[in-house]
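K.L.:
This is the structure I have questions about; it appears just below.
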Amino acid sequence: MKMVKAEGLTYEYVRVLETDHGTREEKVAALKQVDIEIEKGDFVAVLGHNGSGKSTFAKHINALLQPTGGTLWVKGMDTKDDELTWDIRQTAGMIFQNPDNQLVATVVEEDIAFGPENMGIEPQEIRKRVDEALETVHMSEYASYTPSKLSGGQKQRIAIAGVLAMRPDCIILDEPTAMLDPVGRREVMETIERLNHEEGITMILITHYMDEAVRADKVYVIDDGEMVMQGTPKEIFSQVEELQKYGLDVPQVTEVSYLLRKEGIDLPADILTVEEMVGAICQFKSTT
């Protein structure tokens, strides 16, 4: 069974426009016939320029939005079925961009306990889950802290712990590092990778940072509501001009490799890391 599967996923909403003669309504297609399959344990990155539809797609996985056409299943559950909404949200937890908007309590451990409490979990089991979640994100020593005293990266790790305490199979992260400094970004990405590799949690990362997408198993590109590219990071980022057409960048080292190739230097098209670049240049020098 796929963790996430979409067939012809379409989402339209009505936008009200001001005109010289009053207002008028128009339909806007935010997602258009999206097909996608995500396996259990995958680490997937979803890219797209602002307004491309990537966050709309993320909200469908968590059943915050429902398709107006097509179908999206989460672990076999149809997101259009209102009776399954709670089960879907337990299966696929969601982390948003601003950590301050996700923290609801004045003490860290109470915030993490909030989800399990609403699930009706026994107090003894909640205590166990809170401790385990804090340990998993390496924040045990901050259990009694006030969230306002934490850095942005620490707050986002607490938000992740709050989702972990509900024991999801999948976590959707909608630009979780967009408001963080480089240290906070590193902390969150290390947590995401560790949870994926060690806990086997399916990770779906919506991001505009190409160096984050490089870490994924598979990359999807959405443009104007359509899924226009999919493949491994090497397959996607080797297509520099195609990505530029969709208003996207590539990792800096990939761009350098691309520019050097245009100057006639024979380097691979799929370089993603500094280490790969150094190795390729050494190989080039040894053959010239």
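Chain identifiers are assigned as A, B, and so on, following the order in which chains appear in the structure tokens; residues are numbered from 1 within each chain, and ligands are numbered from 1 in order of appearance.
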When you look at A:Gly225 with a cut-off of 6 Å (counting only C-alpha atoms), what residues show up, excluding the ones that are within fewer than 2 positions of it in the same chain? I need them as an MDAnalysis selection string.
P.N.:
chainID A and resid 30:32 52:53 223
K.L.:
Just the residues within 7 Å of stretch 186-193 of chain A, please, counting only C-alpha atoms, with nothing from its chain fewer than 3 positions along; format it as a list in words.
P.N.:
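The residues satisfying every condition are Val137, Gly153, Gln156, Arg157, Pro182, Val183, Asn196 and His197 of chain A.
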K.L.:
Counting only C-alpha atoms, which residues of stretch 61-82 of chain A fall within 12 Å of stretch 201-221 of chain A, and what is the closest atom pair for each with its distance in Å at one decimal, ordered by chain and rising number, as JSON lines?
P.N.:
{"residue": "A:Ile61", "atom": "CA", "partner": "A:Ile204", "partner_atom": "CA", "distance": 9.6}
{"residue": "A:Asn62", "atom": "CA", "partner": "A:Ile204", "partner_atom": "CA", "distance": 11.2}
{"residue": "A:Val74", "atom": "CA", "partner": "A:Thr202", "partner_atom": "CA", "distance": 11.5}
{"residue": "A:Lys75", "atom": "CA", "partner": "A:Thr202", "partner_atom": "CA", "distance": 11.2}
K.L.:
Tell me, which residues of stretch 34-278 of chain A carry DSSP alpha helix (DSSP H), written as a ChimeraX atom specification?
P.N.:
/A:54-61,85-91,108-118,123-136,152-164,182-199,210-213,233-237,240-245,252-262,274-278
K.L.:
Mind pulling up the distance from atom CA of A:Ile38 to atom CA of A:Arg185?
P.N.:
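Between atom CA of A:Arg185 and atom CA of A:Ile38 the gap works out to 24.5 Å.
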K.L.:
Here is a test: counting only C-alpha atoms, which residue of A:Lys2, A:His60, A:Lys54, A:Lys155 is nearest to A:Gly184?
P.N.:
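Smallest separation from A:Gly184 among the options: A:Lys155.
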K.L.:
Go through A:Ala92, A:Tyr11, A:Met119, A:Ala63 one by one, measure the shortest atom-to-atom distance of each to A:Lys80 using only C-alpha atoms, and give the residue with the smallest value.
P.N.:
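When distances to A:Lys80 are compared using only C-alpha atoms, the smallest one comes from A:Ala63.
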K.L.:
Excluding A:Met139 and its own-chain neighbours fewer than 2 positions away, which residues fall within 12 Å of it when counting only C-alpha atoms? Please give them as a ChimeraX atom specification.
P.N.:
/A:108-109,112,130-137,141-145,147,150-151,153-162,187-188,191
K.L.:
Emit the selected residues as a compact mmCIF listing (two decimals), in the first residue's frame, including N, CA, C and O atoms.
P.N.:
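And here is the file that came out, again24.txt:
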# COMPACT_ATOMS: atom_id res chain seq x y z
N VAL A 108 7.24 23.46 27.26
CA VAL A 108 7.55 22.59 26.14
C VAL A 108 6.88 21.23 26.24
O VAL A 108 6.21 20.77 25.32
N GLU A 109 7.03 20.55 27.39
CA GLU A 109 6.48 19.20 27.49
C GLU A 109 4.94 19.21 27.44
O GLU A 109 4.33 18.25 26.95
N ILE A 112 3.96 19.33 23.74
CA ILE A 112 4.10 18.04 23.07
C ILE A 112 2.98 17.09 23.49
O ILE A 112 2.52 16.26 22.70
N VAL A 130 5.86 11.73 25.30
CA VAL A 130 6.51 13.04 25.39
C VAL A 130 8.01 12.87 25.58
O VAL A 130 8.82 13.51 24.90
N ASP A 131 8.40 11.99 26.51
CA ASP A 131 9.83 11.76 26.77
C ASP A 131 10.53 11.21 25.53
O ASP A 131 11.64 11.65 25.19
N GLU A 132 9.89 10.28 24.85
CA GLU A 132 10.50 9.67 23.66
C GLU A 132 10.62 10.69 22.53
O GLU A 132 11.64 10.73 21.82
N ALA A 133 9.58 11.52 22.36
CA ALA A 133 9.60 12.52 21.29
C ALA A 133 10.70 13.56 21.53
O ALA A 133 11.43 13.93 20.60
N LEU A 134 10.83 14.00 22.77
CA LEU A 134 11.88 14.95 23.12
C LEU A 134 13.27 14.37 22.88
O LEU A 134 14.17 15.04 22.36
N GLU A 135 13.43 13.11 23.25
CA GLU A 135 14.72 12.46 23.05
C GLU A 135 15.03 12.31 21.56
O GLU A 135 16.17 12.52 21.13
N THR A 136 14.02 12.00 20.79
CA THR A 136 14.21 11.79 19.36
C THR A 136 14.69 13.05 18.66
O THR A 136 15.53 12.99 17.75
N VAL A 137 14.18 14.21 19.07
CA VAL A 137 14.61 15.47 18.43
C VAL A 137 15.73 16.15 19.20
O VAL A 137 16.08 17.30 18.95
N GLU A 141 16.49 18.12 27.40
CA GLU A 141 16.89 19.05 28.46
C GLU A 141 16.04 20.32 28.49
O GLU A 141 16.12 21.11 29.43
N TYR A 142 15.18 20.49 27.46
CA TYR A 142 14.36 21.69 27.38
C TYR A 142 12.90 21.42 27.75
O TYR A 142 12.04 22.26 27.51
N ALA A 143 12.63 20.26 28.35
CA ALA A 143 11.24 19.86 28.63
C ALA A 143 10.47 20.89 29.44
O ALA A 143 9.28 21.12 29.20
N SER A 144 11.12 21.53 30.40
CA SER A 144 10.43 22.47 31.29
C SER A 144 10.58 23.93 30.86
O SER A 144 10.15 24.83 31.56
N TYR A 145 11.18 24.14 29.70
CA TYR A 145 11.39 25.51 29.22
C TYR A 145 10.08 26.12 28.70
O TYR A 145 9.15 25.41 28.32
N PRO A 147 8.54 27.91 25.56
CA PRO A 147 8.90 27.96 24.14
C PRO A 147 9.46 29.30 23.68
O PRO A 147 10.31 29.35 22.80
N LEU A 150 13.21 29.71 23.40
CA LEU A 150 13.96 28.86 22.48
C LEU A 150 14.26 29.59 21.17
O LEU A 150 13.58 30.54 20.80
N SER A 151 15.28 29.10 20.47
CA SER A 151 15.59 29.64 19.14
C SER A 151 14.56 29.13 18.13
O SER A 151 13.79 28.21 18.42
N GLY A 153 15.05 27.37 15.42
CA GLY A 153 15.30 25.97 15.10
C GLY A 153 14.83 25.04 16.20
O GLY A 153 14.27 23.96 15.94
N GLN A 154 15.04 25.44 17.45
CA GLN A 154 14.59 24.63 18.59
C GLN A 154 13.06 24.56 18.63
O GLN A 154 12.48 23.51 18.91
N LYS A 155 12.40 25.69 18.36
CA LYS A 155 10.93 25.70 18.33
C LYS A 155 10.40 24.74 17.26
O LYS A 155 9.44 24.01 17.49
N GLN A 156 11.05 24.75 16.10
CA GLN A 156 10.57 23.88 15.03
C GLN A 156 10.79 22.41 15.39
O GLN A 156 9.97 21.55 15.07
N ARG A 157 11.87 22.12 16.12
CA ARG A 157 12.11 20.75 16.57
C ARG A 157 11.06 20.34 17.62
O ARG A 157 10.63 19.18 17.65
N ILE A 158 10.63 21.28 18.43
CA ILE A 158 9.56 20.99 19.39
C ILE A 158 8.25 20.74 18.65
O ILE A 158 7.47 19.85 19.00
N ALA A 159 8.00 21.51 17.59
CA ALA A 159 6.79 21.28 16.79
C ALA A 159 6.82 19.88 16.17
O ALA A 159 5.80 19.18 16.13
N ILE A 160 8.00 19.47 15.70
CA ILE A 160 8.15 18.12 15.15
C ILE A 160 7.91 17.08 16.24
O ILE A 160 7.24 16.06 16.01
N ALA A 161 8.42 17.34 17.44
CA ALA A 161 8.22 16.41 18.56
C ALA A 161 6.73 16.28 18.88
O ALA A 161 6.25 15.19 19.21
N GLY A 162 6.00 17.39 18.79
CA GLY A 162 4.56 17.34 19.06
C GLY A 162 3.83 16.45 18.08
O GLY A 162 2.90 15.73 18.45
N GLU A 187 19.70 22.35 12.09
CA GLU A 187 19.12 21.54 13.16
C GLU A 187 17.87 20.80 12.67
O GLU A 187 17.70 19.60 12.93
N VAL A 188 17.02 21.51 11.96
CA VAL A 188 15.75 20.92 11.50
C VAL A 188 16.02 19.86 10.43
O VAL A 188 15.43 18.77 10.46
N THR A 191 17.31 16.71 11.91
CA THR A 191 16.21 15.98 12.58
C THR A 191 15.36 15.24 11.55
O THR A 191 15.01 14.07 11.75
